[in-house]
Amino acid sequence: MSFLLSDQYKCLKILTLILVLTSLIVYGFKQAPSRIPNYSAFHQNPTLYLQTDIPFGGRITQFSSGTFSVEQVLDGQKENILIYGHLERARINDRISGVAINNNSRLELKNYHLSNLHTLKVGVSFLAFVGVVLIFIKDYLKFFKHA
Amino acid sequence: MPDLLTHALIASPLKARFPRLFSVFLLGVILPDVLSRTPGILFPGSTSIIFLNYFLHSPIIIVLSCLVLAYCFPQKIRKNFLYLLLAGSFLHLFLDLFQKTLTTGYLWFFPFSFSSFSIPLFWPDDSLFALPFLIIINIMLIKRKHVS
């Protein structure tokens, strides 16, 4: 442990760590689409993911008998996804995250969660992030810089 | 994930244990979300970036990231930095373990396995309802400290 955390070959150790991290991330990106199928993968090849759970999420844009549409952002473009199923206590523009099963290229609702607190959560998290960074910078200048 | 303020407020009572290095612990507490959410903010709407949410929350990635961060600090205090960053990060992961997920949760065993598990107690957004209580508890703790 003392060698690992010493200044000896510091640059080499940092580069090795970054290389390992990059390899893991590349491996994750290569494996994830097949291991964790999402709507984008289903959209490209629906027959490949038959009877598979497909997650979706976005704003509800339309209701009709037994179906509803969700506006989801895919690679920067908004797309309406048609889901078969019934939602309780949902309104237009509510934010939904859910999972649907691919039944012969038809997405049938399996489970869902409605929440309109996402934007508030992001705002609160951003405030906390700024606060922690400021506390850290203050402590860094006070205690750690001259250690 | 619960919001970052909830994570930070849950960690706050531990300030008395290491007052000088508490900011490092807090940095560790927010680190997993900073790692996994920043790419999504920089490249919004990218479907492949969503995968980062899953595997950047895995313990192995967190440990390696903490090690890289620890090298940014002087050797004299590097060990303490690393331990506190790790402790903060693992407190974050422990809290994330209790959130409900609809499909795949965080990949705890990545890269060895893509399976995940959780102890579903609350939805990620539900943490906001706990915020007022956490703020009150933290204010009470601060007041008690001042009195004593």
# chains A, B, ... in the order shown; residues from 1 in each chain; ligands from 1
>>> residues_around(residues="segment 49-66 of chain B", least_positions_apart="5", cutoff="7 Å", atoms="only C-alpha atoms", output="PyMOL selection string")
(chain A and resi 17+21+28-29+32) or (chain B and resi 32+35-37+39-40+82+85-86+105-110)
>>> interface_residues(of="chain B", to="chain A", cutoff="9 Å", atoms="only C-alpha atoms", output="PyMOL selection string")
chain B and resi 2-6+8+20-24+26-27+30+34+43-49+51-52+54-56+61+64-65+67-68+70-71+73-79+102-104+110-111+114+123+125-128
>>> write_last_selection(atoms="N, CA and C atoms", output="compact mmCIF listing (two decimals), in the first residue's frame")
# COMPACT_ATOMS: atom_id res chain seq x y z
N PRO B 2 -30.87 8.72 -4.88
CA PRO B 2 -31.44 9.86 -4.16
C PRO B 2 -30.67 11.12 -4.57
N ASP B 3 -31.26 12.30 -4.32
CA ASP B 3 -30.56 13.52 -4.72
C ASP B 3 -29.29 13.72 -3.88
N LEU B 4 -28.39 14.56 -4.40
CA LEU B 4 -27.09 14.74 -3.74
C LEU B 4 -27.20 15.40 -2.38
N LEU B 5 -28.23 16.25 -2.21
CA LEU B 5 -28.38 16.91 -0.91
C LEU B 5 -28.73 15.88 0.17
N THR B 6 -29.58 14.92 -0.16
CA THR B 6 -29.92 13.85 0.78
C THR B 6 -28.66 13.07 1.15
N ALA B 8 -25.58 14.11 1.05
CA ALA B 8 -24.69 14.95 1.86
C ALA B 8 -25.22 15.11 3.28
N ARG B 20 -11.55 18.14 10.14
CA ARG B 20 -10.65 18.77 9.18
C ARG B 20 -10.76 18.15 7.79
N LEU B 21 -11.01 16.87 7.75
CA LEU B 21 -11.03 16.17 6.46
C LEU B 21 -12.46 15.86 6.00
N PHE B 22 -13.43 16.47 6.65
CA PHE B 22 -14.82 16.13 6.32
C PHE B 22 -15.19 16.46 4.87
N SER B 23 -14.59 17.54 4.35
CA SER B 23 -14.92 17.92 2.97
C SER B 23 -14.48 16.83 1.98
N VAL B 24 -13.42 16.10 2.34
CA VAL B 24 -12.97 14.99 1.46
C VAL B 24 -14.01 13.87 1.49
N LEU B 26 -17.16 14.28 2.09
CA LEU B 26 -18.31 14.78 1.32
C LEU B 26 -18.07 14.65 -0.18
N LEU B 27 -16.82 14.89 -0.58
CA LEU B 27 -16.46 14.75 -1.99
C LEU B 27 -16.68 13.31 -2.45
N ILE B 30 -20.42 12.51 -2.99
CA ILE B 30 -21.07 12.93 -4.25
C ILE B 30 -20.38 12.33 -5.48
N VAL B 34 -21.44 12.29 -9.55
CA VAL B 34 -20.71 13.22 -10.41
C VAL B 34 -20.10 12.46 -11.59
N PHE B 43 -23.53 15.52 -22.78
CA PHE B 43 -24.09 15.01 -24.04
C PHE B 43 -25.54 14.60 -23.81
N PRO B 44 -26.44 15.58 -23.66
CA PRO B 44 -27.83 15.22 -23.34
C PRO B 44 -28.52 14.48 -24.48
N GLY B 45 -29.35 13.51 -24.08
CA GLY B 45 -30.15 12.79 -25.06
C GLY B 45 -29.43 11.63 -25.73
N SER B 46 -28.15 11.47 -25.47
CA SER B 46 -27.43 10.36 -26.10
C SER B 46 -27.82 9.06 -25.41
N THR B 47 -28.28 8.10 -26.20
CA THR B 47 -28.78 6.86 -25.60
C THR B 47 -27.66 5.99 -25.04
N SER B 48 -26.49 6.05 -25.67
CA SER B 48 -25.39 5.21 -25.18
C SER B 48 -24.82 5.73 -23.86
N ILE B 49 -24.93 7.04 -23.65
CA ILE B 49 -24.41 7.64 -22.41
C ILE B 49 -25.18 7.09 -21.19
N PHE B 51 -25.92 4.19 -20.50
CA PHE B 51 -25.27 2.99 -19.96
C PHE B 51 -24.24 3.32 -18.89
N LEU B 52 -23.66 4.53 -19.00
CA LEU B 52 -22.65 4.94 -18.01
C LEU B 52 -23.26 4.97 -16.60
N TYR B 54 -25.21 2.97 -15.31
CA TYR B 54 -25.20 1.63 -14.73
C TYR B 54 -23.80 1.26 -14.23
N PHE B 55 -22.81 1.33 -15.14
CA PHE B 55 -21.53 0.76 -14.70
C PHE B 55 -20.58 1.75 -14.03
N LEU B 56 -20.84 3.06 -14.11
CA LEU B 56 -19.97 3.98 -13.36
C LEU B 56 -20.33 4.01 -11.87
N ILE B 61 -15.11 0.64 -10.34
CA ILE B 61 -14.86 1.93 -11.00
C ILE B 61 -14.66 3.02 -9.94
N LEU B 64 -11.14 2.70 -8.34
CA LEU B 64 -10.09 3.19 -9.24
C LEU B 64 -10.14 4.72 -9.38
N SER B 65 -11.35 5.27 -9.44
CA SER B 65 -11.48 6.72 -9.56
C SER B 65 -10.96 7.42 -8.30
N LEU B 67 -8.66 6.31 -6.36
CA LEU B 67 -7.20 6.22 -6.40
C LEU B 67 -6.61 7.32 -7.28
N VAL B 68 -7.22 7.52 -8.46
CA VAL B 68 -6.74 8.58 -9.36
C VAL B 68 -6.84 9.94 -8.68
N ALA B 70 -6.90 10.55 -5.46
CA ALA B 70 -5.98 10.62 -4.32
C ALA B 70 -4.59 11.08 -4.74
N TYR B 71 -4.19 10.73 -5.98
CA TYR B 71 -2.87 11.15 -6.46
C TYR B 71 -2.77 12.66 -6.67
N PHE B 73 -3.34 14.77 -4.50
CA PHE B 73 -3.06 15.39 -3.21
C PHE B 73 -1.67 14.99 -2.70
N PRO B 74 -1.12 15.81 -1.78
CA PRO B 74 0.23 15.53 -1.29
C PRO B 74 0.37 14.14 -0.67
N GLN B 75 1.53 13.53 -0.84
CA GLN B 75 1.76 12.16 -0.39
C GLN B 75 1.51 11.98 1.11
N LYS B 76 1.82 13.02 1.87
CA LYS B 76 1.72 12.97 3.32
C LYS B 76 0.29 12.63 3.79
N ILE B 77 -0.68 13.18 3.09
CA ILE B 77 -2.07 12.97 3.52
C ILE B 77 -2.86 12.12 2.52
N ARG B 78 -2.17 11.55 1.54
CA ARG B 78 -2.85 10.80 0.47
C ARG B 78 -3.64 9.60 0.99
N LYS B 79 -3.05 8.90 1.95
CA LYS B 79 -3.69 7.69 2.48
C LYS B 79 -5.05 8.04 3.12
N LEU B 102 -36.92 -0.25 -11.98
CA LEU B 102 -37.89 -0.96 -12.82
C LEU B 102 -37.22 -2.06 -13.63
N THR B 103 -36.02 -1.80 -14.07
CA THR B 103 -35.30 -2.85 -14.83
C THR B 103 -33.97 -3.12 -14.13
N THR B 104 -32.90 -2.97 -14.87
CA THR B 104 -31.58 -3.22 -14.29
C THR B 104 -31.20 -2.09 -13.34
N PHE B 110 -19.87 -5.39 -11.80
CA PHE B 110 -19.24 -5.07 -13.08
C PHE B 110 -17.72 -5.04 -12.89
N PRO B 111 -16.90 -5.55 -13.78
CA PRO B 111 -17.17 -6.12 -15.10
C PRO B 111 -17.38 -7.64 -15.09
N PHE B 114 -23.15 -8.69 -15.18
CA PHE B 114 -24.07 -7.58 -15.47
C PHE B 114 -25.36 -7.73 -14.67
N TRP B 123 -38.50 5.04 -4.18
CA TRP B 123 -38.20 5.46 -5.54
C TRP B 123 -37.14 6.55 -5.48
N ASP B 125 -36.90 9.51 -6.61
CA ASP B 125 -37.37 10.88 -6.34
C ASP B 125 -37.94 11.04 -4.93
N ASP B 126 -38.24 9.94 -4.26
CA ASP B 126 -38.83 10.01 -2.92
C ASP B 126 -37.90 10.65 -1.90
N SER B 127 -36.60 10.66 -2.21
CA SER B 127 -35.64 11.22 -1.26
C SER B 127 -35.95 12.68 -0.96
N LEU B 128 -36.61 13.35 -1.91
CA LEU B 128 -36.94 14.77 -1.71
C LEU B 128 -37.87 14.96 -0.51
>>> atom_distance(atom1="atom CA of Phe68 of chain A", atom2="atom CA of Pro46 of chain A")
19.1 Å
>>> closest_residue(among="A:Thr47, A:Gln8, A:Thr52, A:Ser64", to="Asn104 of chain A", atoms="only C-alpha atoms")
A:Thr47
>>> atom_distance(atom1="atom CA of Ala130 of chain B", atom2="atom CA of Leu14 of chain B")
18.4 Å
>>> select_by_dssp(residues="segment 20-52 of chain B", states="alpha helix (DSSP H)", output="NGL selection string")
:B and (22-42 or 50-52)
>>> select_by_dssp(residues="chain A", states="strand (DSSP E or B)", output="number ranges by chain")
A: 53-64, 67-74, 77-84, 95-103, 106-114
>>> atom_distance(atom1="atom CA of Ile139 of chain B", atom2="atom CA of Pro120 of chain B")
28.9 Å
